[in-house]
Amino acid sequence: VQSELVRWYVNNRVVDEYGCGVASVSAWAGVQFWAQSNSSFTDFEPSGMPSPVVLSWPQGNAFLVDGMARDLTASQQRMRSLVVNVRDAGDRVLVTCVSADDGAKTTLLARRVIYAAPKHAVYYVIPDLVSVGRDEFNACEYVPWMTAAVHVRRPPSAKPRHPLTWETLGHEAWGLGYIDNRHMTRQGDGFDEPTVLTFYAALCDDIDVDRHRLLDEGWDYWARAVLGALQQMHPGIESLITRLDVRKWGHAMIAMKPGHLWGAERQRMLRPFGNIEFAGVDIGGTPVFEQASYRGIAAAEAVTDALGVAYSSSLS
């Protein structure tokens, strides 16, 4: 690529999507991202078919969680509990939980279990994996992120009545950019109204070094980094800021590096361990919502097959 602007833009978008830049991203994943980003929904529909509706909710994925839990009774839900051990016991699975409220331990019995949590802790939660040589999850490399909620008295626009875009990128600024938290409310531009800007940065230059830096440095360090980037994008924005909250995020986003998608390790990750199925975006493919959903449904259908329950597949 001869254009430095194009090079910067491509790198910014690939880091945002996959947690690693153009120098280290899987070529297949990179091509897939740009192919899907520059296609219309109508490209995949037969002629005459209405375009699919893009679904989104102001509360994000919490809308889906609430919907899935709607038909569960209180006894079927175990909130504010940490799963600390999962053990396959032949004809059942033992799941030990610790209550975050009082520290009480409870062991649940299940015929089948789906482990959909990020796999960086899997060998602590399912230690029996080690004894049988299931070491493939060690190949998962997760990208730490830093996000900040920047409260402002009004949007940092130089042109009154000119709304912010859904996402604003900072050319050659530290971090990736920010979004206006009102983007799902579909209200007017509200130029004179307070809002919150969510700034975000993937720390992926050297994941091990960046992870330690994220933990070691405090609010002052990261607030200065965020403010510097925003000032580069919007000179004088400091006069609009009323509050700045920093979130250190041990993201469950797997770095999409060469070999992950089609390598032997990921194929092994998809295999069950006794009565335990594995799901989650880190082993489902590229780290996007659609892949996570697909893998979750595939694991649920595998469990349903094992239990001998009839169903209509949504994957075929």
# chains A, B, ... in the order shown; residues from 1 in each chain; ligands from 1

call {"tool": "residues_around", "arguments": {"residues": "Gln231 in chain A", "least_positions_apart": "6", "cutoff": "12 Å", "atoms": "only C-alpha atoms", "output": "PyMOL selection string"}}
result
chain A and resi 156+170+173-174+177+223-225+237-241

call {"tool": "residues_around", "arguments": {"residues": "Arg153 in chain A", "least_positions_apart": "2", "cutoff": "8 Å", "atoms": "only C-alpha atoms", "output": "PDB file with all heavy atoms, in the first residue's frame"}}
result
ATOM      1  N   HIS A 151     -17.274  11.841  30.245  1.00  0.00           N
ATOM      2  CA  HIS A 151     -18.504  12.626  30.358  1.00  0.00           C
ATOM      3  C   HIS A 151     -18.225  14.055  29.895  1.00  0.00           C
ATOM      4  O   HIS A 151     -17.278  14.686  30.379  1.00  0.00           O
ATOM      5  CB  HIS A 151     -18.999  12.633  31.805  1.00  0.00           C
ATOM      6  CG  HIS A 151     -19.314  11.284  32.344  1.00  0.00           C
ATOM      7  ND1 HIS A 151     -20.582  10.912  32.746  1.00  0.00           N
ATOM      8  CD2 HIS A 151     -18.525  10.188  32.546  1.00  0.00           C
ATOM      9  CE1 HIS A 151     -20.556   9.661  33.176  1.00  0.00           C
ATOM     10  NE2 HIS A 151     -19.324   9.200  33.068  1.00  0.00           N
ATOM     11  N   PRO A 155     -21.423  17.513  23.004  1.00  0.00           N
ATOM     12  CA  PRO A 155     -20.519  16.846  22.054  1.00  0.00           C
ATOM     13  C   PRO A 155     -19.431  17.789  21.572  1.00  0.00           C
ATOM     14  O   PRO A 155     -19.666  18.999  21.418  1.00  0.00           O
ATOM     15  CB  PRO A 155     -21.453  16.441  20.910  1.00  0.00           C
ATOM     16  CG  PRO A 155     -22.808  16.375  21.523  1.00  0.00           C
ATOM     17  CD  PRO A 155     -22.826  17.450  22.565  1.00  0.00           C
ATOM     18  N   ASP A 192     -26.374  20.584  22.307  1.00  0.00           N
ATOM     19  CA  ASP A 192     -26.133  21.283  23.565  1.00  0.00           C
ATOM     20  C   ASP A 192     -26.373  20.407  24.787  1.00  0.00           C
ATOM     21  O   ASP A 192     -26.346  20.906  25.914  1.00  0.00           O
ATOM     22  CB  ASP A 192     -27.028  22.530  23.646  1.00  0.00           C
ATOM     23  CG  ASP A 192     -26.694  23.534  22.556  1.00  0.00           C
ATOM     24  OD1 ASP A 192     -25.488  23.708  22.284  1.00  0.00           O
ATOM     25  OD2 ASP A 192     -27.618  24.109  21.965  1.00  0.00           O
ATOM     26  N   GLU A 193     -26.610  19.117  24.584  1.00  0.00           N
ATOM     27  CA  GLU A 193     -26.930  18.237  25.709  1.00  0.00           C
ATOM     28  C   GLU A 193     -25.707  17.427  26.137  1.00  0.00           C
ATOM     29  O   GLU A 193     -24.863  17.056  25.307  1.00  0.00           O
ATOM     30  CB  GLU A 193     -28.059  17.288  25.319  1.00  0.00           C
ATOM     31  CG  GLU A 193     -29.358  17.989  24.968  1.00  0.00           C
ATOM     32  CD  GLU A 193     -30.414  17.026  24.471  1.00  0.00           C
ATOM     33  OE1 GLU A 193     -30.141  15.805  24.471  1.00  0.00           O
ATOM     34  OE2 GLU A 193     -31.502  17.495  24.080  1.00  0.00           O
ATOM     35  N   PRO A 194     -25.609  17.113  27.435  1.00  0.00           N
ATOM     36  CA  PRO A 194     -24.494  16.279  27.916  1.00  0.00           C
ATOM     37  C   PRO A 194     -24.542  14.885  27.295  1.00  0.00           C
ATOM     38  O   PRO A 194     -25.621  14.373  26.967  1.00  0.00           O
ATOM     39  CB  PRO A 194     -24.734  16.213  29.429  1.00  0.00           C
ATOM     40  CG  PRO A 194     -25.600  17.379  29.737  1.00  0.00           C
ATOM     41  CD  PRO A 194     -26.478  17.566  28.532  1.00  0.00           C
ATOM     42  N   THR A 195     -23.400  14.293  27.147  1.00  0.00           N
ATOM     43  CA  THR A 195     -23.326  12.920  26.655  1.00  0.00           C
ATOM     44  C   THR A 195     -22.068  12.269  27.214  1.00  0.00           C
ATOM     45  O   THR A 195     -21.279  12.895  27.930  1.00  0.00           O
ATOM     46  CB  THR A 195     -23.324  12.870  25.113  1.00  0.00           C
ATOM     47  OG1 THR A 195     -23.429  11.497  24.691  1.00  0.00           O
ATOM     48  CG2 THR A 195     -22.046  13.469  24.539  1.00  0.00           C
ATOM     49  N   LEU A 240     -14.743  20.745  28.133  1.00  0.00           N
ATOM     50  CA  LEU A 240     -16.069  20.136  28.112  1.00  0.00           C
ATOM     51  C   LEU A 240     -16.184  18.945  29.061  1.00  0.00           C
ATOM     52  O   LEU A 240     -17.295  18.519  29.390  1.00  0.00           O
ATOM     53  CB  LEU A 240     -16.410  19.659  26.694  1.00  0.00           C
ATOM     54  CG  LEU A 240     -16.421  20.703  25.580  1.00  0.00           C
ATOM     55  CD1 LEU A 240     -16.691  20.023  24.243  1.00  0.00           C
ATOM     56  CD2 LEU A 240     -17.463  21.778  25.857  1.00  0.00           C
ATOM     57  N   ILE A 241     -15.063  18.384  29.498  1.00  0.00           N
ATOM     58  CA  ILE A 241     -15.074  17.145  30.275  1.00  0.00           C
ATOM     59  C   ILE A 241     -15.428  17.427  31.734  1.00  0.00           C
ATOM     60  O   ILE A 241     -14.834  18.287  32.378  1.00  0.00           O
ATOM     61  CB  ILE A 241     -13.708  16.442  30.182  1.00  0.00           C
ATOM     62  CG1 ILE A 241     -13.414  16.046  28.731  1.00  0.00           C
ATOM     63  CG2 ILE A 241     -13.678  15.206  31.085  1.00  0.00           C
ATOM     64  CD1 ILE A 241     -12.029  15.448  28.520  1.00  0.00           C
ATOM     65  N   THR A 242     -16.409  16.668  32.236  1.00  0.00           N
ATOM     66  CA  THR A 242     -16.812  16.788  33.637  1.00  0.00           C
ATOM     67  C   THR A 242     -16.394  15.574  34.467  1.00  0.00           C
ATOM     68  O   THR A 242     -16.340  15.652  35.692  1.00  0.00           O
ATOM     69  CB  THR A 242     -18.328  16.956  33.741  1.00  0.00           C
ATOM     70  OG1 THR A 242     -18.984  15.817  33.146  1.00  0.00           O
ATOM     71  CG2 THR A 242     -18.783  18.235  33.023  1.00  0.00           C
TER      72      THR A 242
END

call {"tool": "residues_around", "arguments": {"residues": "range 89-99 of chain A", "least_positions_apart": "5", "cutoff": "10 Å", "atoms": "only C-alpha atoms", "output": "number ranges by chain"}}
result
A: 78-84, 104-113, 125-126, 274-276

call {"tool": "select_by_dssp", "arguments": {"residues": "range 6-146 of chain A", "states": "strand (DSSP E)", "output": "ChimeraX atom specification"}}
result
/A:81-88,93-99,105-110,113-115,145-146

call {"tool": "atom_distance", "arguments": {"atom1": "CA of Ile179 in chain A", "atom2": "CA of Gly60 in chain A"}}
result
14.1 Å

call {"tool": "select_by_dssp", "arguments": {"residues": "range 201-262 of chain A", "states": "helix (DSSP H, G or I)", "output": "PyMOL selection string"}}
result
chain A and resi 207-216+219-233+237-239

call {"tool": "closest_atom_pairs", "arguments": {"of": "range 205-233 of chain A", "to": "range 245-262 of chain A", "cutoff": "10 Å", "atoms": "only C-alpha atoms", "output": "Markdown table"}}
result
| residue | atom | partner | partner_atom | distance |
| --- | --- | --- | --- | --- |
| A:Ile207 | CA | A:Ala255 | CA | 9.6 |
| A:Arg211 | CA | A:Gly250 | CA | 8.3 |
| A:Leu214 | CA | A:Lys248 | CA | 6.7 |
| A:Leu215 | CA | A:Lys248 | CA | 7.4 |
| A:Glu217 | CA | A:Lys248 | CA | 10.0 |
| A:Gly218 | CA | A:Val246 | CA | 9.1 |
| A:Trp219 | CA | A:Val246 | CA | 6.6 |
| A:Asp220 | CA | A:Val246 | CA | 9.5 |
| A:Trp222 | CA | A:Val246 | CA | 7.1 |
| A:Ala223 | CA | A:Val246 | CA | 7.0 |
| A:Val226 | CA | A:Val246 | CA | 9.1 |

call {"tool": "closest_residue", "arguments": {"among": "A:Gly228, A:Gly175, A:Gly280, A:Pro127", "to": "Gly296 in chain A", "atoms": "only C-alpha atoms"}}
result
A:Gly280

call {"tool": "atom_distance", "arguments": {"atom1": "CA of Ser314 in chain A", "atom2": "CA of Asn61 in chain A"}}
result
20.1 Å

call {"tool": "closest_residue", "arguments": {"among": "A:Ala139, A:Asp66, A:Asp208, A:Glu17", "to": "Gln267 in chain A", "atoms": "only C-alpha atoms"}}
result
A:Ala139

call {"tool": "closest_residue", "arguments": {"among": "A:Asp16, A:Glu136, A:Asp128, A:Glu172", "to": "Leu270 in chain A", "atoms": "only C-alpha atoms"}}
result
A:Glu136

call {"tool": "closest_residue", "arguments": {"among": "A:Val132, A:Asp102, A:His171, A:Ala69", "to": "Val6 in chain A", "atoms": "only C-alpha atoms"}}
result
A:His171
